[in-house]
Structures are given as structure tokens and as C-alpha cells.
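Student: Quick one, coords-v8.txt (compact mmCIF, C-alpha atoms):
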```
# COMPACT_ATOMS: atom_id res chain seq x y z
CA MET A 1 76.64 140.50 24.50
CA ILE A 2 76.74 143.46 26.85
CA TYR A 3 79.19 146.15 25.83
CA ALA A 4 80.19 149.62 26.95
CA ILE A 5 82.28 152.46 25.59
CA PRO A 6 85.15 153.45 27.93
CA ASP A 7 84.77 156.78 29.73
CA LEU A 8 88.24 158.31 29.69
CA SER A 9 87.13 161.70 31.00
CA ASN A 10 87.86 160.73 34.60
CA LYS A 11 91.31 159.59 35.62
CA LEU A 12 91.67 157.01 38.33
CA GLU A 13 95.32 156.82 39.22
CA LEU A 14 96.23 153.97 41.56
CA PRO A 15 99.61 153.21 43.20
CA ILE A 16 101.84 150.70 41.46
CA ALA A 17 104.84 148.81 42.85
CA LEU A 18 108.21 149.78 41.40
CA SER A 19 109.26 146.23 40.59
CA PRO A 20 107.28 143.20 39.42
CA VAL A 21 105.63 141.13 42.12
CA VAL A 22 106.74 137.50 42.30
CA ALA A 23 103.94 134.98 42.78
CA GLY A 24 105.58 133.57 45.87
CA PHE A 25 106.67 135.05 49.17
CA PRO A 26 106.68 138.85 49.17
CA SER A 27 109.91 140.66 49.83
CA PRO A 28 109.69 142.82 52.95
CA ALA A 29 112.29 145.11 51.38
CA GLU A 30 109.96 146.16 48.56
CA ASP A 31 108.05 149.36 49.07
CA TYR A 32 105.24 150.79 47.03
CA ALA A 33 106.29 153.62 44.81
CA ASP A 34 104.78 157.04 44.57
CA ARG A 35 104.23 156.27 40.88
CA LYS A 36 100.66 155.84 39.83
CA ILE A 37 98.95 154.11 36.93
CA ASP A 38 95.71 155.09 35.24
CA LEU A 39 93.99 151.87 34.16
CA ASN A 40 92.16 153.71 31.37
CA THR A 41 95.39 154.70 29.66
CA TYR A 42 96.96 151.32 30.43
CA LEU A 43 94.12 149.26 28.92
CA VAL A 44 92.85 151.59 26.18
CA LYS A 45 95.33 152.50 23.43
CA HIS A 46 92.81 153.77 20.85
CA PRO A 47 89.91 155.36 22.79
CA ALA A 48 87.74 156.18 19.76
CA ALA A 49 87.95 152.56 18.57
CA THR A 50 87.71 150.71 21.88
CA PHE A 51 84.84 149.17 23.79
CA PHE A 52 84.34 146.62 26.56
CA ALA A 53 82.31 143.43 26.28
CA ARG A 54 81.16 140.94 28.90
CA VAL A 55 82.05 137.29 28.19
CA GLU A 56 79.54 134.46 28.14
CA GLY A 57 80.49 130.84 27.61
CA GLU A 58 83.55 128.71 28.25
CA SER A 59 85.08 128.28 24.79
CA MET A 60 88.16 130.41 25.59
CA GLN A 61 88.91 129.27 29.14
CA ASP A 62 92.30 127.76 28.24
CA ARG A 63 93.41 131.25 27.16
CA GLY A 64 92.29 132.69 30.52
CA ILE A 65 88.97 134.13 29.36
CA PHE A 66 86.06 133.05 31.57
CA PRO A 67 82.31 133.73 31.79
CA GLY A 68 81.69 137.10 33.41
CA ASP A 69 85.08 138.54 32.42
CA LEU A 70 85.30 141.87 30.64
CA VAL A 71 87.32 142.02 27.45
CA VAL A 72 88.80 145.17 25.97
CA VAL A 73 88.09 145.21 22.23
CA ASP A 74 90.04 147.45 19.84
CA LYS A 75 88.26 147.92 16.50
CA SER A 76 91.26 149.71 14.94
CA LEU A 77 93.53 146.66 14.94
CA PHE A 78 93.75 144.30 11.98
CA PRO A 79 93.72 140.69 13.26
CA LYS A 80 96.79 138.52 12.81
CA ASN A 81 97.09 134.76 13.27
CA GLY A 82 96.96 133.98 16.97
CA ASP A 83 95.03 137.12 17.93
CA ILE A 84 91.84 136.68 19.91
CA VAL A 85 88.98 138.44 18.17
CA LEU A 86 85.39 139.36 18.77
CA ALA A 87 83.52 138.31 15.64
CA ALA A 88 79.95 138.19 14.42
CA LEU A 89 79.29 134.89 12.66
CA ASN A 90 75.83 134.41 11.18
CA LYS A 91 74.41 137.09 13.50
CA GLU A 92 75.92 135.58 16.67
CA PHE A 93 78.85 137.05 18.58
CA THR A 94 81.80 134.84 19.41
CA ILE A 95 85.27 135.27 20.88
CA LYS A 96 87.84 132.98 19.29
CA GLU A 97 91.44 132.82 18.12
CA PHE A 98 91.90 134.08 14.56
CA LEU A 99 93.67 131.83 12.05
CA ARG A 100 94.06 132.24 8.30
CA ASP A 101 95.92 129.23 6.85
CA LYS A 102 98.33 129.13 3.89
CA ASN A 103 95.37 128.48 1.53
CA ASN A 104 93.67 131.67 2.78
CA VAL A 105 91.00 129.63 4.62
CA LEU A 106 89.75 131.41 7.75
CA PHE A 107 89.20 129.55 11.02
CA LEU A 108 87.99 130.60 14.45
CA LEU A 109 89.66 128.44 17.08
CA PRO A 110 88.30 127.81 20.58
CA ALA A 111 90.58 127.37 23.58
CA ASN A 112 88.65 124.53 25.16
CA LYS A 113 88.80 120.90 24.00
CA ARG A 114 85.02 120.56 24.31
CA PHE A 115 84.48 122.97 21.41
CA GLN A 116 85.16 122.49 17.69
CA LYS A 117 87.09 124.87 15.46
CA ILE A 118 84.93 126.85 13.08
CA GLN A 119 85.73 127.23 9.41
CA VAL A 120 84.36 130.46 7.99
CA THR A 121 83.08 130.01 4.44
CA GLU A 122 81.91 132.49 1.84
CA ASP A 123 78.34 131.38 2.62
CA ASP A 124 78.70 132.69 6.18
CA GLU A 125 77.77 136.19 7.25
CA PHE A 126 81.01 137.17 8.97
CA GLN A 127 82.55 140.30 10.45
CA ILE A 128 85.45 140.95 12.80
CA TRP A 129 84.35 143.51 15.38
CA GLY A 130 87.81 143.91 16.89
CA VAL A 131 90.87 142.38 18.48
CA ILE A 132 90.79 141.55 22.19
CA THR A 133 93.67 143.44 23.79
CA SER A 134 93.03 142.74 27.48
CA VAL A 135 90.92 140.63 29.79
CA ILE A 136 89.66 141.85 33.15
CA HIS A 137 89.01 138.94 35.49
CA VAL A 138 87.63 139.66 38.97
CA TYR A 139 88.21 136.97 41.61
CA LEU A 140 85.73 138.23 44.19
```
Translate the structure of the given file into C-alpha cells.

Tutor:
Amino acid sequence: MIYAIPDLSNKLELPIALSPVVAGFPSPAEDYADRKIDLNTYLVKHPAATFFARVEGESMQDRGIFPGDLVVVDKSLFPKNGDIVLAALNKEFTIKEFLRDKNNVLFLLPANKRFQKIQVTEDDEFQIWGVITSVIHVYL
């Protein structure tokens, strides 16, 4: 896993449209606003507890997380059922959906039918590194 700490010392403010963009034909009446967005402040809510990690593998592709993507990981968040987490399981990193069932059994769920869910047992060496808050997917 390749990871990096966000550098929030430099602001990069980019223009943002005033209204949401429909994934269809653009409206010629819509103009870009003078408002700007800083992607650092948009993606990073807890700077001291946040890092980026590069994704390997295809186990989360049905949740829109693909090999080569960057994920934003927030270590300050406590995982809830349905959250996607970065975990260390038996000294290997994995990104999976977090699930604790009514019997307090912990599972890590993939989002790809080719992969099996993982039950975490007390014999496993297990640690949640953080909750995935965003995914950065580059098409080019």
C-alpha cells in the first residue's frame, strides 16, 4: 500500500458550477460561478487524522473503487455498519465494507462477487486503520 499525508499548506481553489451538472445534455443557460472550491478542504475533514492510500485489487469495484484509485482515509472516525474501511488483517492491508452482526461477529465484505466475505475471529491480528471517506478516480 502506498500512502501519503495530505499537504494542506497550499490552497488550490478551482471554479465550481453554481448548480449540479446533469449527466445528459448541458444547459447553455448555465454559467460557471465565481465561487471556488478547495479540494483539500472538501475532501479532508480532519487533517491531522487523514491520509491517502492507493488501491490495488478489484474486490471493491462494485462500490466504485478500482485499482489505481486514491482513497481518502480518516483515522478519527469510528466505523459503522456499511462504512468502507482500510483494515490490517494478519499483516495485510485490505479495503472492505465493515459489518458487525447482531451476535457481535465482525465481517469484512467485498463488493465483487468473485471474492468471499471475511469473518474476523479472535485468532486474527486485526486493526482498523480508518474509514474511507472519498475515492478519487482518474479517467485519463

Student: In Å to one decimal, how far is atom CA of Leu86 of chain A from atom CA of Ile132 of chain A?

Tutor: 6.8 Å

Student: Could you pull the residues within 9 Å of Trp129 of chain A, counting only C-alpha atoms, minus those fewer than 6 positions along the same chain, as a count of residues only?

Tutor: 7

Student: Here is a test: counting all atoms listed in the file, which residue of A:Asp83, A:Glu125, A:Asp7, A:Asp69 is nearest to Ala53 of chain A?

Tutor: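 Ranking A:Asp83, A:Glu125, A:Asp7, A:Asp69 by distance to Ala53 of chain A, first place goes to A:Asp69.
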
Student: What does the structure give for the distance between atom CA of Gln116 of chain A and atom CA of Gly130 of chain A, in Å to one decimal?

Tutor: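 Computing the Euclidean distance for atom CA of Gln116 of chain A and atom CA of Gly130 of chain A yields 21.6 Å.
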
Student: Pick from A:Val135, A:Ile65, A:Leu39, A:Leu89: nearest to Glu122 of chain A, with all atoms listed in the file counted?

Tutor: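 Nearest to Glu122 of chain A: A:Leu89.
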
Student: Pick out the closest residue to Leu77 of chain A from this set: A:Thr94, A:Ser59, A:Asn40, A:Thr50. Count only C-alpha atoms.

Tutor: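 Residue with the minimum atom-to-atom distance to Leu77 of chain A: A:Thr50.
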
Student: Determine, counting only C-alpha atoms, which protein, DNA and RNA residues have an atom within 12 Å of an atom of Asp123 of chain A; residues of the same chain fewer than 3 positions away are not included. Present the result as a count of residues only.

Tutor: 5

Student: Could you jot down the atom CA of Phe107 of chain A to atom CA of Ile136 of chain A separation for me, Å, one decimal place?

Tutor: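 Atom CA of Phe107 of chain A sits 25.3 Å away from atom CA of Ile136 of chain A.
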
Student: With all atoms listed in the file as the basis for distance, which of A:Gln127, A:Asn103, A:Gln61, A:Asn112 is at the shortest distance from Lys91 of chain A?

Tutor: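 For Lys91 of chain A, the nearest of the candidates is A:Gln127.
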
Student: My list of candidates is A:Lys11, A:Leu106, A:Gly82, A:Pro67. Which is closest to Lys36 of chain A when distances are computed with all atoms listed in the file?

Tutor: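 Looking at the shortest contact to Lys36 of chain A, the residue is A:Lys11.
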
Student: Have a look at A:Phe115, A:Tyr139, A:Phe98, A:Phe93 and name the one nearest to Val55 of chain A; count all atoms listed in the file.

Tutor: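 Residue with the minimum atom-to-atom distance to Val55 of chain A: A:Phe93.
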
Student: Which residues are close to Ala111 of chain A, i.e. within 8 Å by all atoms listed in the file, leaving aside same-chain residues fewer than 6 positions away? Reply as a list in words.

Tutor: Ser59, Met60, Gln61, Asp62, Arg63, Lys96 and Glu97 of chain A

Student: Starting from 6 Å padding per side, set up an axis-aligned box that covers all listed atoms of segment 69-78 of chain A and hand over centre and edge lengths in Å, one decimal, as AutoDock Vina command-line options.

Tutor:
```
--center_x 89.4 --center_y 144.1 --center_z 22.2 --size_x 20.7 --size_y 23.2 --size_z 32.4
```
